[in-house]
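Structure data follow from data-v5.cif (mmCIF, C-alpha atoms):
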data_structure
#
loop_
_atom_site.group_PDB
_atom_site.id
_atom_site.type_symbol
_atom_site.label_atom_id
_atom_site.label_comp_id
_atom_site.auth_asym_id
_atom_site.auth_seq_id
_atom_site.Cartn_x
_atom_site.Cartn_y
_atom_site.Cartn_z
ATOM 1 C CA MET O 1 0.000 0.000 0.000
ATOM 2 C CA LYS O 2 1.332 3.438 -0.850
ATOM 3 C CA PRO O 3 1.034 6.508 1.387
ATOM 4 C CA ASP O 4 -0.925 8.356 -1.317
ATOM 5 C CA ASP O 5 -3.382 5.487 -1.889
ATOM 6 C CA PRO O 6 -6.925 6.968 -1.886
ATOM 7 C CA LEU O 7 -8.093 3.940 0.079
ATOM 8 C CA LEU O 8 -6.227 5.260 3.129
ATOM 9 C CA LYS O 9 -8.546 8.262 3.276
ATOM 10 C CA ILE O 10 -11.632 6.086 3.736
ATOM 11 C CA LEU O 11 -10.244 3.327 5.960
ATOM 12 C CA ALA O 12 -11.231 3.628 9.604
ATOM 13 C CA CYS O 13 -10.545 1.766 12.820
ATOM 14 C CA PRO O 14 -13.353 -0.730 13.437
ATOM 15 C CA LEU O 15 -13.456 0.216 17.126
ATOM 16 C CA ASP O 16 -13.474 4.023 17.268
ATOM 17 C CA LYS O 17 -14.186 4.735 13.567
ATOM 18 C CA GLY O 18 -11.280 7.191 13.466
ATOM 19 C CA PRO O 19 -8.533 7.427 10.834
ATOM 20 C CA LEU O 20 -5.685 4.950 10.597
ATOM 21 C CA HIS O 21 -2.059 5.678 9.728
ATOM 22 C CA LEU O 22 0.105 3.647 7.385
ATOM 23 C CA VAL O 23 3.288 2.461 9.097
ATOM 24 C CA ALA O 24 6.236 1.661 6.859
ATOM 25 C CA PRO O 25 8.198 -1.544 7.398
ATOM 26 C CA ASP O 26 11.453 -1.040 9.307
ATOM 27 C CA GLY O 27 13.251 -4.157 8.138
ATOM 28 C CA PRO O 28 13.062 -7.044 5.689
ATOM 29 C CA ASP O 29 11.102 -9.242 8.101
ATOM 30 C CA ARG O 30 8.614 -6.517 9.069
ATOM 31 C CA ALA O 31 5.467 -5.851 7.081
ATOM 32 C CA GLU O 32 3.631 -2.577 6.721
ATOM 33 C CA LEU O 33 0.588 -2.116 8.908
ATOM 34 C CA LEU O 34 -2.167 0.309 9.824
ATOM 35 C CA TYR O 35 -2.032 1.970 13.225
ATOM 36 C CA ASN O 36 -4.541 3.718 15.464
ATOM 37 C CA PRO O 37 -2.490 5.857 17.878
ATOM 38 C CA ARG O 38 -5.563 6.838 19.885
ATOM 39 C CA LEU O 39 -6.236 3.261 21.004
ATOM 40 C CA HIS O 40 -2.653 1.954 20.625
ATOM 41 C CA ARG O 41 -3.871 -0.748 18.204
ATOM 42 C CA ARG O 42 -2.215 -2.053 15.070
ATOM 43 C CA TYR O 43 -3.866 -3.866 12.174
ATOM 44 C CA PRO O 44 -1.953 -6.062 9.723
ATOM 45 C CA ILE O 45 -1.899 -5.711 5.943
ATOM 46 C CA VAL O 46 -1.769 -9.186 4.385
ATOM 47 C CA ASP O 47 -0.983 -9.463 0.676
ATOM 48 C CA GLY O 48 -1.936 -5.813 0.263
ATOM 49 C CA ILE O 49 -5.309 -6.225 2.003
ATOM 50 C CA PRO O 50 -5.914 -4.424 5.337
ATOM 51 C CA GLN O 51 -7.272 -6.777 8.002
ATOM 52 C CA LEU O 52 -9.702 -4.522 9.840
ATOM 53 C CA LEU O 53 -11.782 -6.884 11.924
ATOM 54 C CA PRO O 54 -11.675 -5.932 15.618
ATOM 55 C CA SER O 55 -10.177 -9.352 16.367
ATOM 56 C CA SER O 56 -7.350 -8.715 13.864
ATOM 57 C CA GLY O 57 -6.059 -5.726 15.792
ATOM 58 C CA GLU O 58 -3.393 -6.013 18.449
ATOM 59 C CA GLN O 59 -2.814 -3.784 21.446
ATOM 60 C CA VAL O 60 0.729 -2.386 21.639
ATOM 61 C CA THR O 61 2.847 -1.375 24.622
ATOM 62 C CA ASP O 62 3.783 2.240 25.330
ATOM 63 C CA ASP O 63 7.321 1.633 24.057
ATOM 64 C CA GLU O 64 6.050 0.058 20.841
ATOM 65 C CA HIS O 65 3.581 2.929 20.464
ATOM 66 C CA GLU O 66 6.481 5.419 20.448
ATOM 67 C CA ALA O 67 8.384 3.317 17.893
ATOM 68 C CA LEU O 68 5.337 3.051 15.630
ATOM 69 C CA LEU O 69 4.752 6.807 15.739
ATOM 70 C CA LYS O 70 8.281 7.299 14.375
ATOM 71 C CA ARG O 71 7.562 4.890 11.498
ATOM 72 C CA ILE O 72 4.290 6.501 10.335
ATOM 73 C CA THR O 73 4.589 7.507 6.692
ATOM 74 C CA SER O 74 3.397 10.888 5.554
#

Please rewrite the model in this file as structure tokens.
Amino acid sequence: MKPDDPLLKILACPLDKGPLHLVAPDGPDRAELLYNPRLHRRYPIVDGIPQLLPSSGEQVTDDEHEALLKRITS
């Protein structure tokens, strides 16, 4: 998924219905993901398809939250 993909403008967190941010991979074994900084939840992107079921999201720690904020693409 690219940062300028129009789909990003309409995707929303399934829990709070707010916007999600695309997070770039930070290594060869890391995949891109969508992140909700308000709830500290990340959602995977599998084969280019965002997995936005509430059960697909994972809660992140405060330290991981800070790291993810640094990786958010503009």

- Return as a list in words the set of residues that the PyMOL selection byres ((chain O and resi 16) around 12) yields on the displayed structure.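 Applying the PyMOL selection byres ((chain O and resi 16) around 12) to the structure shown produces Leu11, Ala12, Cys13, Pro14, Leu15, Lys17, Gly18, Pro19, Leu20, Asn36, Pro37, Arg38, Leu39, His40, Arg41, Leu52 and Pro54 of chain O.
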
- Starting from the shown file, work through the PyMOL selection byres ((chain O and resi 7) around 12) and note down what comes out as a list in words. Met1, Lys2, Pro3, Asp4, Asp5, Pro6, Leu8, Lys9, Ile10, Leu11, Ala12, Pro19, Leu20, His21, Leu22, Leu34, Gly48, Ile49 and Pro50 of chain O

Convert the current residue selection to file output with C-alpha atoms, as a PDB file, in the frame of the given file.
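The file below, again33.pdb, is the result:
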ATOM      1  CA  MET O   1       0.000   0.000   0.000  1.00  0.00           C
ATOM      2  CA  LYS O   2       1.332   3.438  -0.850  1.00  0.00           C
ATOM      3  CA  PRO O   3       1.034   6.508   1.387  1.00  0.00           C
ATOM      4  CA  ASP O   4      -0.925   8.356  -1.317  1.00  0.00           C
ATOM      5  CA  ASP O   5      -3.382   5.487  -1.889  1.00  0.00           C
ATOM      6  CA  PRO O   6      -6.925   6.968  -1.886  1.00  0.00           C
ATOM      7  CA  LEU O   8      -6.227   5.260   3.129  1.00  0.00           C
ATOM      8  CA  LYS O   9      -8.546   8.262   3.276  1.00  0.00           C
ATOM      9  CA  ILE O  10     -11.632   6.086   3.736  1.00  0.00           C
ATOM     10  CA  LEU O  11     -10.244   3.327   5.960  1.00  0.00           C
ATOM     11  CA  ALA O  12     -11.231   3.628   9.604  1.00  0.00           C
ATOM     12  CA  PRO O  19      -8.533   7.427  10.834  1.00  0.00           C
ATOM     13  CA  LEU O  20      -5.685   4.950  10.597  1.00  0.00           C
ATOM     14  CA  HIS O  21      -2.059   5.678   9.728  1.00  0.00           C
ATOM     15  CA  LEU O  22       0.105   3.647   7.385  1.00  0.00           C
ATOM     16  CA  LEU O  34      -2.167   0.309   9.824  1.00  0.00           C
ATOM     17  CA  GLY O  48      -1.936  -5.813   0.263  1.00  0.00           C
ATOM     18  CA  ILE O  49      -5.309  -6.225   2.003  1.00  0.00           C
ATOM     19  CA  PRO O  50      -5.914  -4.424   5.337  1.00  0.00           C
TER      20      PRO O  50
END

For region 58-73 of chain O, take all atoms listed in the file, fit an axis-aligned box around them, add 8 Å to each of the six sides, then output centre and edge lengths in Å rounded to one decimal, as lines of an AutoDock Vina configuration file.
center_x = 2.5
center_y = 0.7
center_z = 16.0
size_x = 27.8
size_y = 29.5
size_z = 34.6

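Under the PyMOL selection byres ((chain O and resi 68) around 12), the matching residues in the shown file are His21, Leu22, Val23, Ala24, Pro25, Asp26, Glu32, Leu33, Leu34, Tyr35, Asn36, Pro37, His40, Arg41, Arg42, Val60, Thr61, Asp62, Asp63, Glu64, His65, Glu66, Ala67, Leu69, Lys70, Arg71, Ile72 and Thr73 of chain O.
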
Please complete region 40-54 of chain O so it has N, CA and C atoms, and hand it over as a PDB file, keeping the file's coordinate frame.
ATOM      1  N   HIS O  40      -3.885   2.762  20.595  1.00  0.00           N
ATOM      2  CA  HIS O  40      -2.653   1.954  20.625  1.00  0.00           C
ATOM      3  C   HIS O  40      -2.899   0.569  20.036  1.00  0.00           C
ATOM      4  N   ARG O  41      -3.572   0.530  18.870  1.00  0.00           N
ATOM      5  CA  ARG O  41      -3.871  -0.748  18.204  1.00  0.00           C
ATOM      6  C   ARG O  41      -3.307  -0.744  16.797  1.00  0.00           C
ATOM      7  N   ARG O  42      -2.735  -1.891  16.423  1.00  0.00           N
ATOM      8  CA  ARG O  42      -2.215  -2.053  15.070  1.00  0.00           C
ATOM      9  C   ARG O  42      -3.021  -3.124  14.344  1.00  0.00           C
ATOM     10  N   TYR O  43      -3.128  -2.941  13.028  1.00  0.00           N
ATOM     11  CA  TYR O  43      -3.866  -3.866  12.174  1.00  0.00           C
ATOM     12  C   TYR O  43      -2.949  -4.291  11.035  1.00  0.00           C
ATOM     13  N   PRO O  44      -2.857  -5.595  10.769  1.00  0.00           N
ATOM     14  CA  PRO O  44      -1.953  -6.062   9.723  1.00  0.00           C
ATOM     15  C   PRO O  44      -2.496  -5.785   8.316  1.00  0.00           C
ATOM     16  N   ILE O  45      -1.567  -5.751   7.364  1.00  0.00           N
ATOM     17  CA  ILE O  45      -1.899  -5.711   5.943  1.00  0.00           C
ATOM     18  C   ILE O  45      -1.321  -6.995   5.362  1.00  0.00           C
ATOM     19  N   VAL O  46      -2.187  -7.884   4.891  1.00  0.00           N
ATOM     20  CA  VAL O  46      -1.769  -9.186   4.385  1.00  0.00           C
ATOM     21  C   VAL O  46      -1.992  -9.227   2.881  1.00  0.00           C
ATOM     22  N   ASP O  47      -0.922  -9.433   2.140  1.00  0.00           N
ATOM     23  CA  ASP O  47      -0.983  -9.463   0.676  1.00  0.00           C
ATOM     24  C   ASP O  47      -1.667  -8.218   0.119  1.00  0.00           C
ATOM     25  N   GLY O  48      -1.383  -7.075   0.729  1.00  0.00           N
ATOM     26  CA  GLY O  48      -1.936  -5.813   0.263  1.00  0.00           C
ATOM     27  C   GLY O  48      -3.351  -5.518   0.715  1.00  0.00           C
ATOM     28  N   ILE O  49      -3.922  -6.389   1.544  1.00  0.00           N
ATOM     29  CA  ILE O  49      -5.309  -6.225   2.003  1.00  0.00           C
ATOM     30  C   ILE O  49      -5.321  -5.926   3.501  1.00  0.00           C
ATOM     31  N   PRO O  50      -5.827  -4.745   3.903  1.00  0.00           N
ATOM     32  CA  PRO O  50      -5.914  -4.424   5.337  1.00  0.00           C
ATOM     33  C   PRO O  50      -6.878  -5.368   6.054  1.00  0.00           C
ATOM     34  N   GLN O  51      -6.454  -5.888   7.181  1.00  0.00           N
ATOM     35  CA  GLN O  51      -7.272  -6.777   8.002  1.00  0.00           C
ATOM     36  C   GLN O  51      -7.879  -5.934   9.123  1.00  0.00           C
ATOM     37  N   LEU O  52      -9.114  -5.490   8.923  1.00  0.00           N
ATOM     38  CA  LEU O  52      -9.702  -4.522   9.840  1.00  0.00           C
ATOM     39  C   LEU O  52     -10.847  -5.069  10.690  1.00  0.00           C
ATOM     40  N   LEU O  53     -10.836  -6.347  10.954  1.00  0.00           N
ATOM     41  CA  LEU O  53     -11.782  -6.884  11.924  1.00  0.00           C
ATOM     42  C   LEU O  53     -11.264  -6.531  13.321  1.00  0.00           C
ATOM     43  N   PRO O  54     -12.153  -6.251  14.262  1.00  0.00           N
ATOM     44  CA  PRO O  54     -11.675  -5.932  15.618  1.00  0.00           C
ATOM     45  C   PRO O  54     -10.744  -7.014  16.174  1.00  0.00           C
TER      46      PRO O  54
END
